[in-house]
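Okay, so here's the structure we're looking at.
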Amino acid sequence: MKNLTVQLPFDEAKLKALNNALLKKDTLLEDELENFLLNLYKRSVSKAVQEYLDDIAGEAPKPPASRLGKAKGGGET
């Protein structure tokens, strides 16, 4: 299925602090938000609708891939 970008307002200083704290834990804000949205979807959308969307997409749902390697340069030296 097509992915869309979600935008929302958030305090800039808090966002920078959050990004720094998550990087220290080897994770990215985008990954945390994707996981949160996926869990919210699973809790909120009926199983029948989830199965229907999976069927029309032609694939089983996959957890989002981490982009941490991209943020840290992919681990290349």
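Lettering and numbering for the structure tokens are positional, with chains as A, B, ... in the shown order, residues counted from 1 in each chain, and ligands counted from 1 in the shown order.
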Quiz item: Within 10 Å of Glu30 of chain A, counting only C-alpha atoms, which residues qualify if same-chain residues fewer than 2 places away don't, as a list in words?
Solution: Asn19, Thr27, Leu28, Glu32, Leu33, Glu34, Asn35, Phe36, Pro64, Ser66, Arg67 and Leu68 of chain A
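In this comparison, which uses only C-alpha atoms, the residue of A:Leu29, A:Leu53, A:Ala48, A:Leu38 approaching Lys16 of chain A most closely is A:Leu29.
Straight-line separation from atom CA of Ala57 of chain A to atom CA of Asn3 of chain A: 12.2 Å.
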Exercise. Mind giving me the straight-line distance from atom CA of Ile56 of chain A to atom CA of Met1 of chain A in Å, one decimal?
Key: 8.8 Å
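Atom pair atom CA of Ser44 of chain A / atom CA of Gly58 of chain A has a distance of 21.7 Å (rounded to one decimal).
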